[in-house]
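Enquirer: mmCIF, C-alpha atoms (C1' of nucleotides), saved as run_1.cif, coming up:
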data_final
#
loop_
_atom_site.label_atom_id
_atom_site.label_comp_id
_atom_site.auth_asym_id
_atom_site.auth_seq_id
_atom_site.Cartn_x
_atom_site.Cartn_y
_atom_site.Cartn_z
CA MET A 1068 116.15 82.68 122.39
CA SER A 1069 118.72 84.87 124.09
CA ASP A 1070 117.78 87.36 126.75
CA THR A 1071 118.59 90.35 124.55
CA ALA A 1072 116.61 89.00 121.63
CA ASP A 1073 113.63 88.49 123.91
CA ARG A 1074 113.86 92.02 125.29
CA LEU A 1075 114.13 93.35 121.74
CA LEU A 1076 110.92 91.54 120.89
CA ASP A 1077 109.25 93.00 124.00
CA HIS A 1078 110.00 96.53 122.84
CA ALA A 1079 109.22 95.76 119.22
CA GLN A 1080 105.86 94.36 120.27
CA ALA A 1081 104.97 97.47 122.26
CA LEU A 1082 105.94 99.65 119.30
CA VAL A 1083 104.06 97.62 116.70
CA GLN A 1084 100.95 97.38 118.89
CA THR A 1085 100.78 101.17 119.05
CA ARG A 1086 102.35 102.39 115.80
CA GLY A 1087 102.18 99.52 113.31
CA PHE A 1088 104.92 97.74 111.40
CA ASN A 1089 105.96 100.68 109.22
CA ALA A 1090 106.23 103.28 111.97
CA PHE A 1091 108.96 101.73 114.09
CA SER A 1092 112.61 101.29 113.25
CA PHE A 1093 115.70 99.36 114.24
CA ARG A 1094 117.00 102.58 115.77
CA ASP A 1095 113.98 102.77 118.09
CA LEU A 1096 114.83 99.31 119.38
CA ALA A 1097 118.53 100.06 119.63
CA ARG A 1098 117.85 103.14 121.77
CA ALA A 1099 115.43 101.27 124.01
CA LEU A 1100 118.09 98.72 124.94
CA ASP A 1101 121.06 101.07 124.63
CA LEU A 1102 122.55 99.18 121.72
CA THR A 1103 123.63 100.30 118.28
CA ASN A 1104 121.73 99.79 115.10
CA ALA A 1105 124.01 96.93 114.09
CA GLY A 1106 123.60 95.29 117.47
CA VAL A 1107 119.93 94.81 116.74
CA HIS A 1108 120.69 93.45 113.27
CA TYR A 1109 122.95 90.86 114.93
CA HIS A 1110 119.88 89.30 116.55
CA PHE A 1111 117.45 89.91 113.68
CA PRO A 1112 119.21 90.20 110.32
CA SER A 1113 116.22 91.80 108.61
CA LYS A 1114 112.98 93.45 109.61
CA ALA A 1115 111.13 90.51 108.11
CA ASP A 1116 113.01 88.15 110.47
CA LEU A 1117 112.07 90.34 113.40
CA GLY A 1118 108.43 90.45 112.34
CA ARG A 1119 108.20 86.72 111.86
CA ALA A 1120 109.78 86.02 115.26
CA LEU A 1121 107.51 88.60 116.86
CA VAL A 1122 104.25 87.14 115.60
CA ALA A 1123 105.43 83.57 116.19
CA ARG A 1124 106.11 84.39 119.85
CA TYR A 1125 102.80 86.24 120.11
CA ARG A 1126 100.97 83.20 118.78
CA ARG A 1127 102.63 80.98 121.39
CA THR A 1128 101.85 83.25 124.34
CA PHE A 1129 98.32 83.83 123.09
CA ALA A 1130 97.76 80.09 122.92
CA THR A 1131 98.81 79.66 126.55
CA THR A 1132 96.60 82.61 127.53
CA LEU A 1133 93.61 80.95 125.89
CA ALA A 1134 94.47 77.69 127.64
CA THR A 1135 94.40 79.55 130.95
CA VAL A 1136 91.03 81.08 130.10
CA GLU A 1137 89.76 77.62 129.27
CA ARG A 1138 91.01 76.19 132.56
CA SER A 1139 89.40 78.98 134.58
CA SER A 1140 85.84 77.80 133.93
CA ASP A 1141 83.76 75.09 132.29
CA ASP A 1142 81.03 77.53 131.31
CA PRO A 1143 81.31 78.63 127.66
CA ARG A 1144 79.87 82.01 128.66
CA ASP A 1145 82.75 82.56 131.06
CA ARG A 1146 85.24 81.39 128.49
CA LEU A 1147 83.92 83.81 125.90
CA ALA A 1148 83.88 86.64 128.42
CA GLY A 1149 87.43 85.69 129.39
CA PHE A 1150 88.45 85.88 125.76
CA VAL A 1151 87.06 89.40 125.49
CA ASP A 1152 88.76 90.36 128.75
CA VAL A 1153 92.13 89.49 127.27
CA TYR A 1154 91.52 92.08 124.58
CA THR A 1155 90.15 94.61 127.06
CA ASP A 1156 93.40 94.38 129.02
CA VAL A 1157 95.46 94.96 125.89
CA LEU A 1158 93.48 98.08 125.08
CA ARG A 1159 93.66 99.29 128.67
CA GLN A 1160 97.46 99.11 128.36
CA GLY A 1161 97.21 101.48 125.43
CA ARG A 1162 97.81 98.82 122.80
CA LEU A 1163 95.99 97.17 119.93
CA CYS A 1164 95.96 93.44 119.19
CA LEU A 1165 99.30 92.81 117.49
CA CYS A 1166 97.68 90.90 114.65
CA GLY A 1167 94.82 93.38 114.32
CA ILE A 1168 97.20 96.21 113.56
CA LEU A 1169 99.43 93.98 111.43
CA ALA A 1170 96.42 92.85 109.41
CA SER A 1171 95.74 96.43 108.44
CA ASP A 1172 99.41 96.70 107.36
CA ALA A 1173 99.13 93.45 105.40
CA ALA A 1174 99.77 94.96 101.97
CA THR A 1175 103.22 96.22 103.04
CA LEU A 1176 104.16 93.23 105.20
CA PRO A 1177 106.90 90.76 104.25
CA PRO A 1178 105.08 87.62 103.05
CA GLU A 1179 106.31 85.43 105.92
CA VAL A 1180 104.97 87.91 108.46
CA ARG A 1181 101.61 88.05 106.71
CA GLY A 1182 101.53 84.26 106.83
CA GLU A 1183 102.02 84.32 110.60
CA VAL A 1184 99.19 86.82 110.96
CA ARG A 1185 96.86 84.59 108.96
CA ALA A 1186 97.85 81.65 111.14
CA PHE A 1187 97.01 83.67 114.27
CA PHE A 1188 93.52 84.42 112.97
CA ASP A 1189 92.99 80.80 111.98
CA GLU A 1190 94.01 79.49 115.39
CA THR A 1191 91.98 82.05 117.28
CA GLU A 1192 88.92 81.34 115.18
CA ARG A 1193 89.23 77.62 115.74
CA TRP A 1194 89.35 78.22 119.49
CA LEU A 1195 86.29 80.46 119.34
CA ALA A 1196 84.42 77.99 117.16
CA ARG A 1197 84.99 75.26 119.75
CA VAL A 1198 83.71 77.42 122.59
CA LEU A 1199 80.70 78.58 120.57
CA ALA A 1200 79.81 75.04 119.49
CA GLU A 1201 79.99 73.80 123.08
CA GLY A 1202 77.86 76.70 124.24
CA ARG A 1203 75.21 75.99 121.67
CA ALA A 1204 75.22 72.28 122.41
CA SER A 1205 74.46 73.01 126.06
CA GLY A 1206 71.76 75.52 125.15
CA LEU A 1207 73.64 78.57 126.41
CA PHE A 1208 74.28 80.25 123.06
CA GLN A 1209 71.85 80.79 120.23
CA PHE A 1210 72.93 81.15 116.63
CA ASP A 1211 72.31 79.19 113.48
CA GLY A 1212 74.56 77.83 110.79
CA GLU A 1213 78.14 76.75 111.30
CA ALA A 1214 80.06 77.63 114.44
CA ASP A 1215 83.07 78.50 112.25
CA ALA A 1216 81.20 81.34 110.61
CA GLU A 1217 79.91 82.63 113.94
CA ALA A 1218 83.48 82.49 115.24
CA ALA A 1219 84.66 84.57 112.28
CA LEU A 1220 81.99 87.17 113.03
CA THR A 1221 82.88 87.22 116.71
CA LEU A 1222 86.57 87.74 116.01
CA ALA A 1223 85.81 90.42 113.42
CA ALA A 1224 83.58 92.27 115.89
CA VAL A 1225 86.21 92.17 118.65
CA GLU A 1226 89.05 93.30 116.38
CA GLY A 1227 86.81 95.93 114.82
CA ALA A 1228 85.70 97.19 118.22
CA MET A 1229 89.34 97.72 119.21
CA ILE A 1230 90.23 99.53 116.02
CA THR A 1231 87.19 101.79 115.90
CA ALA A 1232 87.79 102.70 119.56
CA TRP A 1233 91.51 103.35 118.99
CA PRO A 1234 91.24 106.95 117.70
CA LEU A 1235 89.46 107.88 120.95
CA ARG A 1236 92.68 107.39 122.84
CA SER A 1237 94.29 110.65 123.87
CA GLY A 1238 97.29 111.69 125.89
CA LYS A 1239 95.02 113.21 128.46
CA ASP A 1240 92.68 110.43 129.54
CA GLY A 1241 95.01 107.68 128.43
CA SER A 1242 92.97 104.80 127.10
CA ALA A 1243 89.93 105.25 129.35
CA ARG A 1244 87.51 106.47 126.68
CA ALA A 1245 88.66 103.88 124.16
CA THR A 1246 88.37 101.08 126.70
CA GLU A 1247 84.93 102.24 127.78
CA ARG A 1248 83.67 102.16 124.24
CA PHE A 1249 85.23 98.77 123.58
CA GLU A 1250 83.44 97.35 126.60
CA THR A 1251 80.09 98.75 125.49
CA VAL A 1252 80.41 97.15 122.06
CA THR A 1253 81.71 93.79 123.22
CA GLY A 1254 79.09 93.72 126.00
CA ARG A 1255 76.39 93.81 123.35
CA LEU A 1256 78.17 91.19 121.31
CA LEU A 1257 78.11 88.71 124.22
CA GLN A 1258 74.56 89.65 125.07
CA GLY A 1259 73.46 88.90 121.51
CA LEU A 1260 74.98 85.43 121.65
CA THR A 1261 73.33 84.37 124.88
CA GLY A 1262 70.03 84.79 123.08
CA PRO A 1263 67.10 87.15 123.39
CA MET B 494 89.63 122.54 94.65
CA SER B 495 91.86 122.52 91.58
CA ASP B 496 91.94 119.63 89.18
CA THR B 497 95.49 118.67 90.12
CA ALA B 498 94.74 118.76 93.85
CA ASP B 499 91.77 116.49 93.27
CA ARG B 500 93.80 114.02 91.25
CA LEU B 501 96.48 114.07 93.95
CA LEU B 502 93.83 113.16 96.49
CA ASP B 503 92.59 110.35 94.23
CA HIS B 504 96.03 108.76 94.17
CA ALA B 505 96.66 109.47 97.85
CA GLN B 506 93.39 107.78 98.71
CA ALA B 507 94.24 104.66 96.73
CA LEU B 508 97.63 104.51 98.43
CA VAL B 509 96.32 105.07 101.95
CA GLN B 510 93.51 102.55 101.46
CA THR B 511 96.04 99.87 100.64
CA ARG B 512 99.21 100.86 102.50
CA GLY B 513 98.18 103.17 105.35
CA PHE B 514 99.25 106.70 106.18
CA ASN B 515 102.88 105.93 106.99
CA ALA B 516 103.66 103.81 103.96
CA PHE B 517 103.06 106.34 101.21
CA SER B 518 105.10 109.42 100.38
CA PHE B 519 104.96 112.71 98.54
CA ARG B 520 107.29 111.19 95.99
CA ASP B 521 104.75 108.42 95.26
CA LEU B 522 102.17 111.07 94.47
CA ALA B 523 104.60 113.14 92.44
CA ARG B 524 105.47 110.15 90.27
CA ALA B 525 101.83 109.21 89.77
CA LEU B 526 101.04 112.63 88.30
CA ASP B 527 104.46 113.24 86.74
CA LEU B 528 105.20 116.18 89.01
CA THR B 529 108.13 116.90 91.28
CA ASN B 530 108.15 116.55 95.02
CA ALA B 531 107.77 120.29 95.49
CA GLY B 532 104.88 120.41 93.05
CA VAL B 533 102.88 118.26 95.43
CA HIS B 534 103.87 120.43 98.37
CA TYR B 535 102.50 123.42 96.47
CA HIS B 536 99.01 121.95 96.75
CA PHE B 537 99.41 120.41 100.20
CA PRO B 538 102.06 122.17 102.29
CA SER B 539 102.35 119.32 104.77
CA LYS B 540 101.34 115.68 105.01
CA ALA B 541 98.90 116.65 107.75
CA ASP B 542 97.17 119.07 105.33
CA LEU B 543 96.92 116.33 102.75
CA GLY B 544 95.52 113.88 105.28
CA ARG B 545 92.94 116.30 106.58
CA ALA B 546 91.78 117.20 103.06
CA LEU B 547 91.67 113.53 102.13
CA VAL B 548 89.44 112.44 104.99
CA ALA B 549 87.25 115.54 104.69
CA ARG B 550 86.57 114.71 101.04
CA TYR B 551 86.00 111.05 101.89
CA ARG B 552 83.42 112.06 104.49
CA ARG B 553 81.58 114.18 101.94
CA THR B 554 81.46 111.51 99.26
CA PHE B 555 80.53 108.85 101.79
CA ALA B 556 77.62 110.99 102.98
CA THR B 557 76.27 111.27 99.44
CA THR B 558 76.75 107.53 98.94
CA LEU B 559 74.68 106.84 102.06
CA ALA B 560 72.04 109.26 100.83
CA THR B 561 71.86 107.29 97.59
CA VAL B 562 71.51 104.04 99.51
CA GLU B 563 68.72 105.62 101.51
CA ARG B 564 66.90 106.77 98.39
CA SER B 565 67.14 103.36 96.76
CA SER B 566 64.67 101.73 99.17
CA ASP B 567 62.35 102.40 102.09
CA ASP B 568 63.04 99.01 103.64
CA PRO B 569 65.61 99.22 106.47
CA ARG B 570 66.81 95.73 105.55
CA ASP B 571 67.67 96.92 102.04
CA ARG B 572 69.32 100.02 103.43
CA LEU B 573 71.51 98.00 105.77
CA ALA B 574 72.37 95.54 103.00
CA GLY B 575 73.17 98.52 100.78
CA PHE B 576 75.50 99.87 103.46
CA VAL B 577 77.38 96.58 103.57
CA ASP B 578 77.52 96.48 99.77
CA VAL B 579 79.38 99.79 99.74
CA TYR B 580 82.11 98.17 101.82
CA THR B 581 82.07 95.00 99.74
CA ASP B 582 82.77 97.06 96.64
CA VAL B 583 85.69 98.81 98.34
CA LEU B 584 87.22 95.47 99.28
CA ARG B 585 86.58 94.05 95.82
CA GLN B 586 88.63 96.96 94.43
CA GLY B 587 91.49 95.80 96.61
CA ARG B 588 91.10 98.54 99.18
CA LEU B 589 90.22 98.94 102.83
CA CYS B 590 87.88 101.56 104.27
CA LEU B 591 89.98 104.73 104.39
CA CYS B 592 89.00 105.42 107.97
CA GLY B 593 89.37 101.81 109.03
CA ILE B 594 93.02 101.76 108.04
CA LEU B 595 93.59 105.29 109.36
CA ALA B 596 92.04 104.32 112.70
CA SER B 597 94.68 101.63 113.10
CA ASP B 598 97.33 104.29 112.35
CA ALA B 599 95.73 106.67 114.85
CA ALA B 600 98.68 106.84 117.23
CA THR B 601 100.97 108.23 114.52
CA LEU B 602 98.37 110.45 112.83
CA PRO B 603 98.50 114.27 112.95
CA PRO B 604 95.81 115.32 115.45
CA GLU B 605 93.63 117.07 112.86
CA VAL B 606 93.54 113.92 110.74
CA ARG B 607 92.62 111.78 113.74
CA GLY B 608 89.82 114.24 114.45
CA GLU B 609 88.44 113.77 110.94
CA VAL B 610 88.54 110.00 111.36
CA ARG B 611 86.58 110.22 114.60
CA ALA B 612 84.04 112.45 112.86
CA PHE B 613 83.64 109.86 110.11
CA PHE B 614 82.87 107.12 112.63
CA ASP B 615 80.43 109.38 114.49
CA GLU B 616 78.53 110.28 111.33
CA THR B 617 78.43 106.73 110.07
CA GLU B 618 77.21 105.43 113.39
CA ARG B 619 74.46 108.03 113.53
CA TRP B 620 73.28 106.94 110.10
CA LEU B 621 73.32 103.28 111.13
CA ALA B 622 71.49 104.06 114.38
CA ARG B 623 68.71 105.74 112.42
CA VAL B 624 68.30 102.80 110.08
CA LEU B 625 68.40 100.30 112.93
CA ALA B 626 65.88 102.24 115.00
CA GLU B 627 63.49 102.46 112.06
CA GLY B 628 63.89 98.77 111.38
CA ARG B 629 63.12 97.87 114.95
CA ALA B 630 60.12 100.21 115.07
CA SER B 631 58.60 98.43 112.09
CA GLY B 632 59.34 95.02 113.57
CA LEU B 633 61.98 94.05 110.99
CA PHE B 634 65.02 94.09 113.27
CA GLN B 635 65.35 92.57 116.70
CA PHE B 636 67.80 93.85 119.29
CA ASP B 637 67.46 95.36 122.72
CA GLY B 638 68.91 98.44 124.35
CA GLU B 639 69.84 101.62 122.52
CA ALA B 640 70.10 101.74 118.75
CA ASP B 641 73.33 103.77 119.14
CA ALA B 642 75.08 100.87 120.80
CA GLU B 643 73.81 98.40 118.21
CA ALA B 644 75.07 100.77 115.52
CA ALA B 645 78.53 100.83 117.14
CA LEU B 646 78.60 97.03 117.15
CA THR B 647 77.48 96.87 113.53
CA LEU B 648 80.15 99.31 112.40
CA ALA B 649 82.81 97.51 114.44
CA ALA B 650 81.82 94.18 112.90
CA VAL B 651 81.94 95.55 109.34
CA GLU B 652 85.29 97.30 109.82
CA GLY B 653 86.66 94.26 111.63
CA ALA B 654 85.44 91.93 108.90
CA MET B 655 87.36 93.97 106.32
CA ILE B 656 90.54 94.06 108.32
CA THR B 657 90.57 90.40 109.30
CA ALA B 658 89.91 89.47 105.66
CA TRP B 659 92.64 91.81 104.38
CA PRO B 660 95.64 89.47 104.86
CA LEU B 661 93.90 86.92 102.63
CA ARG B 662 94.45 89.16 99.65
CA SER B 663 97.17 87.92 97.35
CA GLY B 664 98.66 88.94 94.07
CA LYS B 665 97.35 85.77 92.49
CA ASP B 666 93.63 85.76 93.17
CA GLY B 667 93.41 89.50 93.69
CA SER B 668 90.84 90.21 96.34
CA ALA B 669 88.54 87.29 95.65
CA ARG B 670 89.30 85.28 98.80
CA ALA B 671 89.18 88.35 101.03
CA THR B 672 85.89 89.49 99.53
CA GLU B 673 84.39 86.03 99.87
CA ARG B 674 85.26 85.91 103.54
CA PHE B 675 83.94 89.43 104.12
CA GLU B 676 80.63 88.46 102.58
CA THR B 677 80.31 85.37 104.75
CA VAL B 678 80.87 87.37 107.92
CA THR B 679 78.64 90.30 107.02
CA GLY B 680 75.96 87.91 105.80
CA ARG B 681 75.74 86.45 109.28
CA LEU B 682 75.73 89.90 110.80
CA LEU B 683 72.64 90.92 108.81
CA GLN B 684 71.00 87.58 109.45
CA GLY B 685 71.46 88.03 113.21
CA LEU B 686 69.73 91.40 113.11
CA THR B 687 66.65 90.25 111.25
CA GLY B 688 65.95 87.98 114.21
CA PRO B 689 65.90 84.24 114.75
"C1'" DG C 618 148.31 79.34 124.95
"C1'" DA C 619 145.99 79.15 120.44
"C1'" DA C 620 141.67 78.88 118.22
"C1'" DC C 621 137.07 79.85 118.35
"C1'" DC C 622 132.54 81.67 119.48
"C1'" DT C 623 129.18 85.10 121.17
"C1'" DA C 624 127.65 89.56 121.43
"C1'" DC C 625 128.38 93.17 120.33
"C1'" DT C 626 130.70 98.37 118.34
"C1'" DT C 627 132.49 101.59 114.91
"C1'" DA C 628 131.97 103.27 110.69
"C1'" DC C 629 129.84 103.13 106.78
"C1'" DC C 630 126.28 102.83 102.63
"C1'" DA C 631 122.55 104.08 99.24
"C1'" DC C 632 118.29 105.64 99.36
"C1'" DA C 633 113.81 107.66 100.99
"C1'" DT C 634 111.56 111.00 103.92
"C1'" DG C 635 108.93 115.52 104.67
"C1'" DG C 636 109.94 120.03 103.71
"C1'" DT C 637 111.93 124.68 101.80
"C1'" DA C 638 113.87 128.73 99.02
"C1'" DA C 639 114.30 130.69 94.82
"C1'" DG C 640 113.36 130.87 90.15
"C1'" DT C 641 110.19 130.65 85.90
"C1'" DA C 642 106.74 129.99 81.97
"C1'" DG C 643 102.34 131.31 80.84
"C1'" DA C 644 97.90 133.40 81.56
"C1'" DC C 645 95.27 137.23 83.06
"C1'" DT C 646 94.59 142.19 84.64
"C1'" DT C 647 95.29 147.01 84.54
"C1'" DA D 432 103.84 147.21 78.31
"C1'" DA D 433 104.06 146.34 83.29
"C1'" DG D 434 102.60 143.97 87.05
"C1'" DT D 435 100.55 140.08 89.21
"C1'" DC D 436 98.92 135.46 89.99
"C1'" DT D 437 98.92 130.39 89.37
"C1'" DA D 438 101.19 126.31 88.96
"C1'" DC D 439 104.67 124.65 88.85
"C1'" DT D 440 110.51 123.25 88.49
"C1'" DT D 441 115.31 123.11 90.02
"C1'" DA D 442 118.10 122.46 93.58
"C1'" DC D 443 118.72 121.72 98.02
"C1'" DC D 444 118.42 120.22 103.20
"C1'" DA D 445 118.64 117.52 107.62
"C1'" DT D 446 117.14 113.46 109.18
"C1'" DG D 447 115.73 108.65 109.16
"C1'" DT D 448 115.69 104.04 106.87
"C1'" DG D 449 117.11 99.03 106.52
"C1'" DG D 450 121.31 96.94 106.00
"C1'" DT D 451 126.55 95.68 105.81
"C1'" DA D 452 131.75 94.96 106.52
"C1'" DA D 453 135.23 94.85 109.60
"C1'" DG D 454 136.91 95.01 114.06
"C1'" DT D 455 136.98 93.71 119.17
"C1'" DA D 456 136.36 92.45 124.29
"C1'" DG D 457 135.43 88.56 126.94
"C1'" DG D 458 134.47 83.91 127.70
"C1'" DT D 459 134.93 78.76 126.35
"C1'" DT D 460 137.17 74.83 124.23
"C1'" DC D 461 140.93 72.11 122.66
#
Is it possible to give me this structure as structure tokens?
Expert:
Amino acid sequence: MSDTADRLLDHAQALVQTRGFNAFSFRDLARALDLTNAGVHYHFPSKADLGRALVARYRRTFATTLATVERSSDDPRDRLAGFVDVYTDVLRQGRLCLCGILASDAATLPPEVRGEVRAFFDETERWLARVLAEGRASGLFQFDGEADAEAALTLAAVEGAMITAWPLRSGKDGSARATERFETVTGRLLQGLTGP
Amino acid sequence: MSDTADRLLDHAQALVQTRGFNAFSFRDLARALDLTNAGVHYHFPSKADLGRALVARYRRTFATTLATVERSSDDPRDRLAGFVDVYTDVLRQGRLCLCGILASDAATLPPEVRGEVRAFFDETERWLARVLAEGRASGLFQFDGEADAEAALTLAAVEGAMITAWPLRSGKDGSARATERFETVTGRLLQGLTGP
DNA sequence: GAACCTACTTACCACATGGTAAGTAGACTT
DNA sequence: AAGTCTACTTACCATGTGGTAAGTAGGTTC
């Protein structure tokens, strides 16, 4: 991946995480890097190519982030809290989860991009299911049924907490109110898992 | 509200619930009702006007839907299940919650539309908080802390469950896979509330 | 030094976007 | 019969959209 292509993806990611897939354009990217329209198309022939590359890269970096979280502690409670912290940081930067916002655009997404989004959710859920299963095995978490289903609920709650907090963002206070609300909701989510 | 304006909102709502605010146009609406572009602008001078009217109407009809749910049973468990069923039906029709998808578009939304979306979440959360508080008072639900916060988590989980299920929709099976997944996740959510 | 490759630019394209000004057919009012 | 109102249409506008064909400056390879 060339340097320019990578910087294009950086800007594309910031735009998609705030505006969604349909509200950013090749011209936005061209301006950000002081290129022409066609210069962007040289690196990514179509918007679908760009989207696919964007989510593929996001999946890779997210996987290494989760690996870091996993290395930081053996305690499943810490790992789960670390997972939530990753999302908190994204929101604090004034962004949504890339795949959260792309999921809501799914109906208008090129099929290959939608496939990458599904793969992101699958991977993330598998990671969560592992952490949850470990936590239950060592008596730290309490839930019944399959860990996979609990992982799906956990992911849904985190993504939903971001998106329902998102309209609270304003130019004035930045993302403070949205972040605050996100932390309240996810705090309760973790609390519920560690058992009454 | 004239008949034509109402029918325009019907089509706009279907489009927004599947494609989002930025991926539908006045021309789409004009075609749907066999009008011209300008004919739509006669009823809604700007897209912001249309959006505001759309969410305002959605809030009204949602309020009467919740009232119906409330009348259908005294049991808070039934009321909560009824709430989830409303969303299940939306997803089964191949749509997202209007305000769920608009929330993810919040950064590009005209301010008055964003305000309406926030009001929808506030109202819905207040309703949920009432049901949850009643349920806890009669020993049917178990959670600690304020009912408001539990309501925020519940709403986040439901909205998140819709959005994470959304990319599973395909032309082939319609919304069956997405609906199935939504029901799994919300099933666990309700189960968690009724206590271990 | 000729050929080639990379990373672009210039100059387009057809089409969609939200929005507007002016006109008009038909109903209703006075 | 004249005037007015509603619900449009015709015709237009500037701007933005994803995308393309052809050219070119600079470096690398043979």
Enquirer: Using only C-alpha atoms (C1' of nucleotides), which chain A residues lie at most 10 Å away from chain C, written as an MDAnalysis selection string?
Expert: chainID A and resid 1071 1102:1107 1109:1110
Enquirer: Output the residue selection produced by the PyMOL selection byres ((chain D) within 12 of (chain A)) on the file above, formatted as number ranges by chain.
Expert: D: 447-452
Enquirer: Keeping only C-alpha atoms (C1' of nucleotides), write those residues as a PDB file, in the frame of the given file.
Expert:
ATOM      1  C1'  DG D 447     115.730 108.650 109.160  1.00  0.00           C
ATOM      2  C1'  DT D 448     115.690 104.040 106.870  1.00  0.00           C
ATOM      3  C1'  DG D 449     117.110  99.030 106.520  1.00  0.00           C
ATOM      4  C1'  DG D 450     121.310  96.940 106.000  1.00  0.00           C
ATOM      5  C1'  DT D 451     126.550  95.680 105.810  1.00  0.00           C
ATOM      6  C1'  DA D 452     131.750  94.960 106.520  1.00  0.00           C
TER       7       DA D 452
END
Enquirer: Using all atoms listed in the file, find which residues of chain A lie within 9 Å of chain B and jot them down as a PyMOL selection string.
Expert: chain A and resi 1085-1087+1089-1090+1163+1166-1175+1181-1182+1184-1185+1188+1209-1212+1216-1217+1219-1237+1248+1251-1253+1255-1256+1259+1263
Enquirer: Rounded to one decimal in Å, what is the spacing between C1' of DT446 (chain D) and CA of Ala541 (chain B)?
Expert: 18.6 Å
Enquirer: In Å to one decimal, how far is CA of Asp499 (chain B) from CA of Asp521 (chain B)?
Expert: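 Between CA of Asp521 (chain B) and CA of Asp499 (chain B) the gap is 15.4 Å.
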Enquirer: Convert the output of the PyMOL selection byres ((chain B and resi 578) around 12) on the shown file into explicit residues, formatted as a VMD selection string.
Expert: chain B and resid 558 to 559 562 571 to 577 579 to 585 651 672 675 to 676 679 to 680 683
Enquirer: One decimal, in Å: what's the spacing between CA of Phe1129 (chain A) and CA of Ala1200 (chain A)?
Expert: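 Computing the Euclidean distance for CA of Phe1129 (chain A) and CA of Ala1200 (chain A) yields 20.8 Å.
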Enquirer: List the residues selected by the PyMOL selection byres ((chain B and resi 503-507) around 8) in the file shown, writing them as a PyMOL selection string.
Expert: chain B and resi 499-502+508-511+517+522+525+547+588+591
Enquirer: What are the centre and edge lengths in Å, to one decimal, of the axis-aligned box around all listed atoms of region 1101-1114 of chain A with 8 Å added on each side, as JSON?
Expert:
{"center_x": 118.5, "center_y": 95.2, "center_z": 116.6, "size_x": 27.0, "size_y": 27.8, "size_z": 32.0}
